[in-house]
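Next comes my_file-v6.cif, a file with mmCIF, C-alpha atoms.
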```cif
data_model
#
loop_
_atom_site.label_atom_id
_atom_site.label_comp_id
_atom_site.auth_asym_id
_atom_site.auth_seq_id
_atom_site.Cartn_x
_atom_site.Cartn_y
_atom_site.Cartn_z
CA MET A 16 0.00 0.00 0.00
CA GLY A 17 2.80 2.34 0.93
CA ARG A 18 4.63 1.48 -2.23
CA ARG A 19 1.61 2.09 -4.33
CA LYS A 20 1.10 5.47 -2.75
CA GLY A 21 4.65 6.36 -3.53
CA THR A 22 4.16 5.38 -7.11
CA THR A 23 1.09 7.56 -7.39
CA ILE A 24 2.90 10.51 -5.98
CA SER A 25 5.70 9.98 -8.42
CA ILE A 26 3.30 9.91 -11.30
CA VAL A 27 1.64 13.11 -10.18
CA ILE A 28 4.95 14.84 -9.79
CA ALA A 29 5.99 13.63 -13.23
CA LEU A 30 2.83 14.95 -14.77
CA VAL A 31 3.25 18.30 -13.07
CA LEU A 32 6.76 18.56 -14.35
CA ALA A 33 5.62 17.58 -17.81
CA VAL A 34 2.98 20.21 -17.82
CA VAL A 35 5.40 22.79 -16.55
CA SER A 36 7.93 21.82 -19.17
CA ILE A 37 5.30 22.03 -21.89
CA GLY A 38 4.39 25.46 -20.63
CA VAL A 39 7.98 26.51 -20.82
CA ALA A 40 8.18 25.14 -24.31
CA PHE A 41 4.95 26.86 -25.31
CA ALA A 42 6.27 30.08 -23.93
CA THR A 43 9.25 29.64 -26.07
CA PHE A 44 7.10 29.55 -29.21
CA SER A 45 4.61 32.25 -28.40
CA ALA A 46 4.49 35.81 -29.69
CA THR A 47 2.58 38.82 -28.64
CA LEU A 48 0.72 40.63 -31.45
CA ASN A 49 -0.56 44.07 -30.67
CA ILE A 50 -2.98 46.30 -32.50
CA ASN A 51 -2.83 49.93 -31.63
CA GLY A 52 -5.04 52.65 -33.09
CA THR A 53 -5.98 56.28 -32.77
CA ALA A 54 -9.03 57.90 -34.16
CA GLU A 55 -10.31 61.44 -34.46
CA VAL A 56 -13.85 62.57 -34.58
CA GLN A 57 -13.70 65.53 -36.87
CA ALA A 58 -15.41 68.77 -36.14
CA SER A 59 -18.77 68.95 -37.88
CA ASN A 60 -22.01 70.79 -37.67
CA TRP A 61 -25.53 70.96 -38.98
CA ASN A 62 -26.33 74.44 -40.15
CA ILE A 63 -29.02 75.35 -42.65
CA PHE A 64 -30.41 78.85 -42.82
CA PHE A 65 -31.85 81.65 -44.93
CA THR A 66 -29.47 84.24 -46.33
CA SER A 67 -29.95 87.19 -48.62
CA THR A 68 -26.88 86.49 -50.77
CA ASN A 69 -25.34 83.50 -52.44
CA GLY A 70 -22.95 82.00 -49.90
CA GLY A 71 -23.83 84.66 -47.38
CA ASN A 72 -24.14 84.48 -43.65
CA ALA A 73 -27.30 83.65 -41.79
CA ALA A 74 -29.80 86.47 -41.97
CA GLY A 75 -29.80 86.76 -38.20
CA THR A 76 -32.50 87.18 -35.64
CA SER A 77 -33.21 90.83 -36.24
CA GLY A 78 -33.65 90.22 -39.95
CA VAL A 79 -32.75 91.94 -43.18
CA SER A 80 -35.09 93.67 -45.56
CA ILE A 81 -35.84 91.98 -48.87
CA THR A 82 -37.13 94.26 -51.60
CA PRO A 83 -39.42 92.46 -54.01
CA THR A 84 -39.52 92.69 -57.76
CA LEU A 85 -42.91 94.08 -58.76
CA SER A 86 -44.33 93.41 -62.19
CA ASN A 87 -47.55 92.86 -64.06
CA ASP A 88 -48.30 89.83 -66.19
CA ASN A 89 -50.34 91.96 -68.59
CA SER A 90 -47.45 94.42 -68.99
CA LEU A 91 -49.62 97.08 -67.40
CA THR A 92 -48.64 99.75 -64.95
CA VAL A 93 -47.58 97.98 -61.78
CA THR A 94 -49.74 98.76 -58.78
CA ALA A 95 -48.47 96.05 -56.43
CA THR A 96 -46.39 96.84 -53.39
CA GLY A 97 -44.48 94.61 -51.03
CA THR A 98 -42.11 94.36 -48.11
CA GLY A 99 -40.22 91.42 -46.72
CA THR A 100 -38.03 90.55 -43.76
CA LEU A 101 -35.62 87.66 -43.85
CA LYS A 102 -34.34 86.02 -40.69
CA THR A 103 -32.19 82.97 -40.16
CA ASP A 104 -35.09 80.58 -40.10
CA SER A 105 -38.06 82.58 -41.32
CA PHE A 106 -39.19 84.92 -44.06
CA THR A 107 -42.15 87.20 -43.49
CA TRP A 108 -43.69 89.33 -46.22
CA ASP A 109 -46.60 91.63 -46.77
CA GLY A 110 -47.97 92.86 -50.07
CA THR A 111 -50.82 94.58 -51.85
CA PHE A 112 -52.37 93.90 -55.22
CA LYS A 113 -54.65 96.09 -57.22
CA THR A 114 -54.40 95.38 -60.92
CA PRO A 115 -55.05 91.92 -62.35
CA GLY A 116 -51.69 90.46 -63.28
CA ASP A 117 -49.85 92.14 -60.43
CA ARG A 118 -46.93 89.95 -59.36
CA ILE A 119 -44.74 90.19 -56.26
CA THR A 120 -41.47 88.24 -56.33
CA TYR A 121 -38.99 87.91 -53.47
CA THR A 122 -35.75 86.05 -53.88
CA PHE A 123 -33.15 84.88 -51.39
CA TYR A 124 -31.05 81.81 -50.64
CA ILE A 125 -31.17 78.72 -48.50
CA ARG A 126 -27.62 77.85 -47.51
CA ASN A 127 -26.24 74.67 -46.08
CA ALA A 128 -23.14 75.76 -44.19
CA GLY A 129 -22.97 72.52 -42.30
CA SER A 130 -21.00 69.36 -42.89
CA TYR A 131 -23.74 67.15 -44.17
CA ALA A 132 -25.83 66.99 -47.28
CA ALA A 133 -29.48 67.65 -46.63
CA LYS A 134 -32.75 67.18 -48.38
CA ILE A 135 -36.27 68.41 -47.88
CA THR A 136 -38.37 65.84 -46.11
CA SER A 137 -41.42 68.01 -45.67
CA ILE A 138 -42.83 71.09 -47.37
CA ASN A 139 -46.41 72.18 -47.82
CA VAL A 140 -48.20 73.95 -50.65
CA PRO A 141 -49.98 76.67 -48.70
CA ASP A 142 -53.74 77.00 -48.65
CA ILE A 143 -54.95 80.56 -49.01
CA SER A 144 -57.90 82.01 -47.15
CA CYS A 145 -59.34 85.48 -47.62
CA THR A 146 -61.71 87.82 -45.89
CA LYS A 147 -63.59 90.88 -47.04
CA GLY A 148 -65.36 93.03 -44.52
CA GLY A 149 -64.91 90.37 -41.90
CA SER A 150 -66.49 87.62 -43.99
CA SER A 151 -64.95 84.86 -45.99
CA GLU A 152 -64.19 85.77 -49.59
CA THR A 153 -63.58 83.27 -52.38
CA THR A 154 -63.82 85.01 -55.76
CA VAL A 155 -60.69 87.10 -55.45
CA CYS A 156 -59.05 84.49 -53.25
CA GLY A 157 -59.31 81.97 -56.06
CA LYS A 158 -57.33 84.32 -58.26
CA ILE A 159 -54.22 84.34 -56.07
CA THR A 160 -51.32 82.00 -56.72
CA TYR A 161 -48.63 81.77 -54.05
CA GLY A 162 -45.66 79.60 -53.23
CA ILE A 163 -41.91 79.14 -53.04
CA TYR A 164 -40.26 78.19 -56.28
CA THR A 165 -36.90 77.15 -57.66
CA ASN A 166 -37.16 79.43 -60.68
CA ALA A 167 -37.77 83.13 -61.10
CA ALA A 168 -40.79 82.55 -63.31
CA GLY A 169 -42.54 80.87 -60.41
CA THR A 170 -43.45 77.74 -62.30
CA THR A 171 -41.49 75.03 -60.43
CA ARG A 172 -42.31 74.66 -56.77
CA LEU A 173 -39.68 73.78 -54.20
CA ALA A 174 -40.63 70.23 -53.26
CA ALA A 175 -39.81 67.29 -51.04
CA ASP A 176 -36.57 65.42 -51.80
CA ASP A 177 -34.98 68.57 -53.16
CA THR A 178 -31.35 68.28 -52.06
CA LEU A 179 -28.92 70.79 -50.66
CA ALA A 180 -25.30 69.63 -50.59
CA ALA A 181 -22.97 70.59 -47.78
CA GLY A 182 -21.57 74.01 -48.47
CA ALA A 183 -24.12 74.78 -51.16
CA SER A 184 -26.64 77.58 -51.49
CA LYS A 185 -29.93 77.37 -53.32
CA GLN A 186 -31.69 80.42 -54.67
CA VAL A 187 -35.44 80.39 -54.15
CA TRP A 188 -38.26 82.70 -55.18
CA VAL A 189 -41.36 83.46 -53.15
CA VAL A 190 -43.99 84.53 -55.63
CA ALA A 191 -47.54 85.83 -55.19
CA VAL A 192 -49.65 86.69 -58.22
CA LEU A 193 -53.10 88.12 -58.84
CA ASP A 194 -54.51 86.36 -61.90
CA LYS A 195 -54.11 88.43 -65.04
CA ASN A 196 -57.42 87.17 -66.46
CA MET A 197 -59.75 88.58 -63.84
CA THR A 198 -62.87 90.14 -65.32
CA ALA A 199 -64.23 93.54 -64.36
CA SER A 200 -67.08 91.91 -62.44
CA GLN A 201 -64.59 89.96 -60.32
CA LEU A 202 -62.81 93.07 -59.06
CA PRO A 203 -63.35 93.55 -55.32
CA ASN A 204 -65.60 96.37 -54.19
CA ALA A 205 -63.81 96.41 -50.84
CA PRO A 206 -60.29 95.41 -49.78
CA VAL A 207 -59.70 91.67 -49.58
CA THR A 208 -57.28 90.44 -46.95
CA VAL A 209 -55.29 87.42 -48.07
CA ASN A 210 -53.90 85.04 -45.46
CA PRO A 211 -51.78 82.23 -46.85
CA ASP A 212 -50.75 79.34 -44.64
CA THR A 213 -47.20 79.32 -43.37
CA ILE A 214 -44.87 77.46 -45.69
CA SER A 215 -42.74 75.14 -43.54
CA ILE A 216 -39.66 73.58 -45.06
CA THR A 217 -38.01 70.76 -43.12
CA TYR A 218 -34.48 69.79 -44.08
CA THR A 219 -33.10 66.48 -42.82
CA GLN A 220 -29.70 64.94 -43.15
CA GLN A 221 -29.48 63.06 -46.39
CA MET B 3 -32.50 33.28 -10.70
CA GLU B 4 -32.74 36.72 -9.18
CA LYS B 5 -29.35 37.63 -10.58
CA LYS B 6 -30.38 36.52 -14.08
CA ARG B 7 -33.51 38.72 -13.98
CA GLY B 8 -31.40 41.68 -12.94
CA THR B 9 -29.16 41.15 -15.92
CA ILE B 10 -32.08 41.06 -18.33
CA VAL B 11 -33.51 44.27 -16.88
CA ALA B 12 -30.16 45.98 -17.27
CA ILE B 13 -29.95 44.93 -20.93
CA VAL B 14 -33.45 46.21 -21.67
CA VAL B 15 -32.72 49.56 -20.02
CA ALA B 16 -29.52 49.86 -22.01
CA LEU B 17 -31.37 49.19 -25.25
CA ILE B 18 -34.02 51.80 -24.47
CA LEU B 19 -31.35 54.37 -23.72
CA ALA B 20 -29.62 53.51 -26.97
CA VAL B 21 -32.82 53.98 -28.98
CA ILE B 22 -33.55 57.30 -27.23
CA SER B 23 -30.06 58.54 -27.90
CA LEU B 24 -30.51 57.70 -31.60
CA GLY B 25 -33.71 59.73 -31.64
CA VAL B 26 -32.01 62.71 -30.07
CA ALA B 27 -29.24 62.49 -32.61
CA PHE B 28 -31.74 62.38 -35.49
CA ALA B 29 -33.62 65.42 -34.24
CA ALA B 30 -30.38 67.33 -33.99
CA PHE B 31 -29.89 66.94 -37.76
CA SER B 32 -33.13 68.47 -38.87
CA THR B 33 -34.01 72.10 -39.53
CA GLN B 34 -37.34 73.74 -40.17
CA LEU B 35 -37.48 77.02 -42.12
CA ASN B 36 -40.74 78.98 -42.28
CA ILE B 37 -42.22 81.47 -44.71
CA ASN B 38 -45.12 83.64 -43.61
CA GLY B 39 -47.00 86.13 -45.73
CA THR B 40 -50.04 88.35 -45.85
CA ALA B 41 -51.45 90.33 -48.72
CA THR B 42 -54.25 92.70 -49.50
CA VAL B 43 -56.11 92.94 -52.76
CA GLN B 44 -57.19 96.52 -52.93
CA GLN B 45 -60.66 97.61 -53.83
CA SER B 46 -60.92 98.38 -57.52
CA SER B 47 -63.33 98.74 -60.42
CA TRP B 48 -63.38 99.14 -64.19
CA ASN B 49 -65.93 101.73 -65.22
CA ILE B 50 -65.82 103.70 -68.46
CA PHE B 51 -68.89 105.27 -70.04
CA PHE B 52 -70.24 108.11 -72.16
CA ALA B 53 -71.72 111.14 -70.43
CA SER B 54 -73.01 114.47 -71.64
CA ALA B 55 -70.94 116.40 -69.08
CA SER B 56 -67.40 116.09 -67.88
CA ASN B 57 -68.64 115.17 -64.41
CA GLY B 58 -71.79 113.45 -65.57
CA SER B 59 -73.05 110.24 -64.09
CA LYS B 60 -73.34 107.01 -66.00
CA PRO B 61 -76.56 107.03 -68.05
CA SER B 62 -78.83 104.23 -66.99
CA SER B 63 -80.50 104.25 -70.40
CA ALA B 64 -80.30 106.06 -73.72
CA GLY B 65 -81.22 109.73 -73.58
CA THR B 66 -81.21 112.71 -75.88
CA LEU B 67 -78.04 114.71 -75.95
CA PRO B 68 -78.71 118.24 -74.66
CA ALA B 69 -79.05 120.92 -77.32
CA ALA B 70 -76.05 122.68 -75.85
CA ASN B 71 -73.96 119.74 -76.97
CA ILE B 72 -75.05 120.08 -80.58
CA THR B 73 -73.82 122.61 -83.11
CA GLU B 74 -75.82 122.96 -86.32
CA HIS B 75 -74.01 125.01 -88.89
CA GLY B 76 -75.59 126.65 -91.87
CA SER B 77 -78.81 124.99 -92.84
CA ALA B 78 -77.86 121.71 -91.21
CA SER B 79 -80.08 120.16 -88.58
CA SER B 80 -79.76 117.27 -86.23
CA THR B 81 -82.67 114.89 -86.15
CA LEU B 82 -81.32 112.34 -83.68
CA ALA B 83 -78.73 112.52 -80.90
CA SER B 84 -79.09 109.58 -78.56
CA LEU B 85 -76.48 108.94 -75.92
CA SER B 86 -76.32 105.94 -73.62
CA ALA B 87 -73.55 104.65 -71.39
CA ASP B 88 -71.86 102.85 -74.24
CA ASN B 89 -73.40 104.12 -77.46
CA PHE B 90 -74.02 107.33 -79.39
CA SER B 91 -76.38 107.44 -82.34
CA TRP B 92 -77.11 110.44 -84.48
CA ALA B 93 -78.91 111.55 -87.60
CA ALA B 94 -78.71 114.83 -89.46
CA THR B 95 -79.84 116.64 -92.55
CA LEU B 96 -77.27 118.48 -94.60
CA THR B 97 -78.61 120.70 -97.33
CA ALA B 98 -76.06 123.20 -98.52
CA PRO B 99 -72.34 122.84 -99.13
CA GLY B 100 -70.47 123.67 -95.93
CA ASP B 101 -73.27 122.44 -93.68
CA TYR B 102 -72.16 120.47 -90.72
CA VAL B 103 -73.35 119.18 -87.37
CA ILE B 104 -71.07 118.67 -84.39
CA TYR B 105 -72.05 116.65 -81.36
CA THR B 106 -69.90 116.77 -78.28
CA PHE B 107 -69.93 114.55 -75.22
CA TYR B 108 -67.48 112.89 -72.85
CA ALA B 109 -65.94 109.55 -72.15
CA ARG B 110 -65.50 109.18 -68.40
CA ASN B 111 -63.29 106.81 -66.50
CA THR B 112 -64.53 106.53 -62.93
CA GLY B 113 -62.78 103.21 -62.38
CA SER B 114 -59.55 102.48 -60.58
CA PHE B 115 -57.33 101.92 -63.56
CA ASN B 116 -55.89 104.08 -66.27
CA ALA B 117 -57.17 103.24 -69.72
CA LYS B 118 -56.24 103.93 -73.29
CA VAL B 119 -58.01 103.69 -76.58
CA ARG B 120 -57.36 100.36 -78.21
CA SER B 121 -59.12 101.26 -81.44
CA THR B 122 -62.04 103.14 -82.87
CA LEU B 123 -64.59 101.76 -85.21
CA SER B 124 -63.72 103.04 -88.64
CA PRO B 125 -66.23 105.85 -89.21
CA ASN B 126 -66.87 105.12 -92.82
CA VAL B 127 -70.29 106.17 -94.01
CA THR B 128 -72.44 104.54 -96.62
CA CYS B 129 -74.60 106.65 -98.89
CA THR B 130 -77.63 105.98 -101.03
CA TYR B 131 -79.80 108.16 -103.22
CA ALA B 132 -83.52 108.35 -102.72
CA ASP B 133 -83.98 105.78 -105.46
CA THR B 134 -81.82 103.44 -103.35
CA THR B 135 -78.93 103.50 -105.79
CA SER B 136 -75.50 103.96 -104.33
CA ALA B 137 -74.28 107.45 -103.68
CA GLN B 138 -70.98 106.27 -102.31
CA THR B 139 -68.93 108.13 -104.90
CA PHE B 140 -70.71 111.32 -103.96
CA CYS B 141 -70.06 110.77 -100.25
CA ASN B 142 -66.45 109.88 -100.76
CA SER B 143 -65.91 113.23 -102.40
CA HIS B 144 -68.21 115.48 -100.47
CA VAL B 145 -68.99 114.09 -97.00
CA THR B 146 -66.66 113.78 -94.05
CA TYR B 147 -67.38 112.13 -90.76
CA GLY B 148 -65.28 111.42 -87.74
CA ILE B 149 -64.77 111.43 -84.01
CA TYR B 150 -62.26 113.95 -82.81
CA LYS B 151 -60.50 114.94 -79.62
CA ASN B 152 -60.39 118.67 -80.29
CA GLU B 153 -63.11 121.21 -80.86
CA ALA B 154 -61.78 122.16 -84.26
CA CYS B 155 -62.25 118.55 -85.28
CA THR B 156 -58.81 118.25 -86.77
CA GLN B 157 -57.38 115.52 -84.52
CA ALA B 158 -59.09 112.17 -84.69
CA VAL B 159 -59.40 109.94 -81.69
CA THR B 160 -56.81 107.25 -82.22
CA ALA B 161 -55.35 104.20 -80.56
CA ASP B 162 -53.33 104.81 -77.40
CA ASP B 163 -55.13 108.03 -76.52
CA PRO B 164 -55.16 107.91 -72.71
CA LEU B 165 -58.16 108.05 -70.45
CA ASN B 166 -56.79 107.97 -66.96
CA SER B 167 -58.62 106.95 -63.85
CA ASN B 168 -60.97 109.64 -62.55
CA SER B 169 -60.73 111.72 -65.67
CA SER B 170 -62.79 112.55 -68.72
CA ALA B 171 -62.03 112.94 -72.38
CA GLN B 172 -64.18 115.25 -74.46
CA TYR B 173 -65.06 114.02 -77.91
CA TRP B 174 -66.55 115.77 -80.90
CA VAL B 175 -68.41 113.92 -83.61
CA LYS B 176 -68.68 115.88 -86.81
CA VAL B 177 -70.47 115.18 -90.06
CA MET B 178 -70.05 117.72 -92.84
CA LEU B 179 -71.10 118.31 -96.40
CA LEU B 180 -67.97 119.76 -97.87
CA ASP B 181 -67.93 123.01 -99.70
CA ASN B 182 -65.99 121.60 -102.58
CA PHE B 183 -68.52 121.37 -105.35
CA ALA B 184 -67.92 122.55 -108.87
CA THR B 185 -68.64 126.20 -109.33
CA ASN B 186 -71.32 125.36 -111.80
CA GLY B 187 -72.94 122.98 -109.34
CA SER B 188 -72.71 120.10 -111.75
CA ASP B 189 -71.86 117.62 -109.01
CA LEU B 190 -74.64 118.61 -106.64
CA PRO B 191 -76.94 115.70 -105.90
CA THR B 192 -80.08 115.53 -107.92
CA GLN B 193 -81.74 113.43 -105.28
CA ALA B 194 -81.61 113.41 -101.50
CA VAL B 195 -78.69 111.45 -100.19
CA THR B 196 -79.03 109.31 -97.11
CA VAL B 197 -75.82 109.10 -95.21
CA THR B 198 -75.58 106.18 -92.82
CA ALA B 199 -72.84 106.10 -90.27
CA PRO B 200 -72.07 103.31 -87.86
CA ALA B 201 -72.53 103.99 -84.19
CA VAL B 202 -69.46 105.59 -82.72
CA SER B 203 -67.59 102.81 -80.98
CA VAL B 204 -64.43 103.35 -79.02
CA TYR B 205 -62.66 100.40 -77.43
CA TYR B 206 -60.66 100.90 -74.26
CA ASP B 207 -58.03 98.74 -72.66
CA GLN B 208 -56.40 99.00 -69.30
CA ASN B 209 -53.26 101.06 -69.59
#
```
Please express what this file holds, its structure, as structure tokens.
Amino acid sequence: MGRRKGTTISIVIALVLAVVSIGVAFATFSATLNINGTAEVQASNWNIFFTSTNGGNAAGTSGVSITPTLSNDNSLTVTATGTGTLKTDSFTWDGTFKTPGDRITYTFYIRNAGSYAAKITSINVPDISCTKGGSSETTVCGKITYGIYTNAAGTTRLAADDTLAAGASKQVWVVAVLDKNMTASQLPNAPVTVNPDTISITYTQQ
Amino acid sequence: MEKKRGTIVAIVVALILAVISLGVAFAAFSTQLNINGTATVQQSSWNIFFASASNGSKPSSAGTLPAANITEHGSASSTLASLSADNFSWAATLTAPGDYVIYTFYARNTGSFNAKVRSTLSPNVTCTYADTTSAQTFCNSHVTYGIYKNEACTQAVTADDPLNSNSSAQYWVKVMLLDNFATNGSDLPTQAVTVTAPAVSVYYDQN
């Protein structure tokens, strides 16, 4: 029994030594491989705004005046008037029409001074409501065309999916027109107040 | 068991936070630009008509032009002078060479817009003798007719003549038997000549 125990101990010791020796041998054939890296998150920003000039700065919070181009689609004496104020994220205008064919055109730029390309994900064609003497008016109201366009003629509306690359500016035209084909009987016998819906343009990273 | 549940809860919370953080990041990359406007269509009207006076009101129906607006020269006489808001009709008898009749009235623009004459109906007259045969050759040589913008009847109303808002233009319509017959009277008419003139029509456009 004592002999057998001694044998067992010897075997265990031998195995331990073998394992240790294998470990030494393994250590002899091992290598350490390292992967080192550095990364930099570059400066970037998201910055889309209205500006009065191509490549210009944001219009600011106090706003800049935008003088409209006034014309008449019947080549008649222009009787329209208009004023406009451009801010960084809004454009507010006011105008008057008198002669059929009167056209008021404002132009300015939408600039993407940020790092990312953008596109329009939402824009509405504005409904127009009118009042005359405190009551709803539809005859004259139906003769007003209004919107934001990508051409001076006011024929192509700014629309969803329109893109604006990083660093780019897009010229746009806000146009309001009194139909040139109004008849004498459709002329208003009292001032008609025209209230278009707000046009909201939402740009999202492309 | 309790420890396992805690782990699951922690994972769920982490996922929710991750989703929320993605939403915040998405919102940060969106911009809304707004355009607001108001306009006023001013009161206006288009109102042009004939009147017998420079400040006259719009005739509601045809009426006789006042005698003061009619000049009968020589042995000439007017037999009809009817003026409505948009029409003037006349008739006259011319007997002797040099006879003429002049009618004067106004075109008024009480509307909001300036106007101008687009055109006038060509005031050519047609003439027939009493036996219904044509007297056109006679008229072409001896009768003149027109609508004029001066009292002397030397300047015809023509295209582009202005008629501004809140103003009047005085017109003179003159028909005359010219004093240009042969000295021996050989070309005087042997029969009465009926001279028919179209109604005076003047077309206006917005200017």
Once the PyMOL selection byres ((chain A) within 6 of (chain B)) is applied to the coordinates I shared, what remains selected? I want it as JSON, numbers by chain. {"A": [91, 104, 105, 106, 107, 108, 109, 110, 111, 112, 113, 199, 202, 203, 204, 205, 206, 207, 208, 209, 210, 213, 214, 215, 216, 217, 218, 219, 220]}
Going by the chain IDs and residue numbers used in this file, which residues fall under the PyMOL selection byres ((chain A and resi 144) around 9)? Write them as a PyMOL selection string. chain A and resi 142-143+145-146+151-153+156+208-212
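Here the question is which of A:Ser130, A:Gly75, A:Gly148, A:Thr120 gets nearest to A:Gln57 using only C-alpha atoms, and that residue is A:Ser130.
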### Task
Within 9 Å of (-53.1, 80.2, -56.6) (coordinates as in the file), grab all the protein and nucleic acid residues, counting all atoms listed in the file, and write them out as a list in words.
Asp142, Ile143, Cys156, Gly157, Lys158, Ile159, Thr160, Tyr161, Gly162, Ala191, Val192, Leu193 and Asp194 of chain A
Q. Please, which residues are within 9 Å of (-48.4, 97.9, -57.3) by the file's coordinates, counting only C-alpha atoms, and could they come as a list in words?
A. Leu85, Ser86, Asn87, Thr92, Val93, Thr94, Ala95, Thr96, Gly97, Gly110, Thr111, Phe112, Lys113, Thr114, Asp117, Arg118 and Ile119 of chain A
Going by the chain IDs and residue numbers used in this file, which residues fall under the PyMOL selection byres ((chain A and resi 173-180) around 10)? Write them as an MDAnalysis selection string. chainID A and resid 63 125:140 162:166 169:172 181:185 187:189 216:221
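When atom CA of B:Asn126 is paired with atom CA of B:Trp92, their separation reads 14.2 Å.
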Residue with the minimum atom-to-atom distance to B:Ser203, picked from B:Thr128, B:Thr160, B:Ser169, B:Thr135 with all atoms listed in the file counted, is B:Thr160
For stretch 84-90 of chain A, what centre and edge lengths in Å (one decimal) does the axis-aligned box get once 8 Å is added on each side of all its listed atoms, as JSON?
```
{"center_x": -44.9, "center_y": 92.1, "center_z": -63.4, "size_x": 26.8, "size_y": 20.6, "size_z": 27.2}
```
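Nearest to B:Thr156 of all the residues B:Pro68, B:Pro61, B:Tyr173, B:Arg120 is B:Tyr173, based on all atoms listed in the file.
When atom CA of B:Ala109 is paired with atom CA of B:Ala171, their separation reads 5.2 Å.
Reported to one decimal place, the separation of atom CA of A:Thr122 from atom CA of A:Thr68 is 9.4 Å.
Between B:Asp207 and the residues A:Ser80, A:Thr154, A:Thr98, A:Asn89, the shortest atom-to-atom distance, using only C-alpha atoms, involves A:Asn89.
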Of B:Cys141, B:Ala55, B:Ala83, B:Val119, the one nearest to B:Asn166 when counting only C-alpha atoms is B:Val119
Any idea what's packed within 12 Å of B:Val103, counting all atoms listed in the file, ignoring anything in its chain fewer than 4 positions away? Could you give it as a ChimeraX atom specification?
/B:69,71-83,92-97,145-148,155,174-180
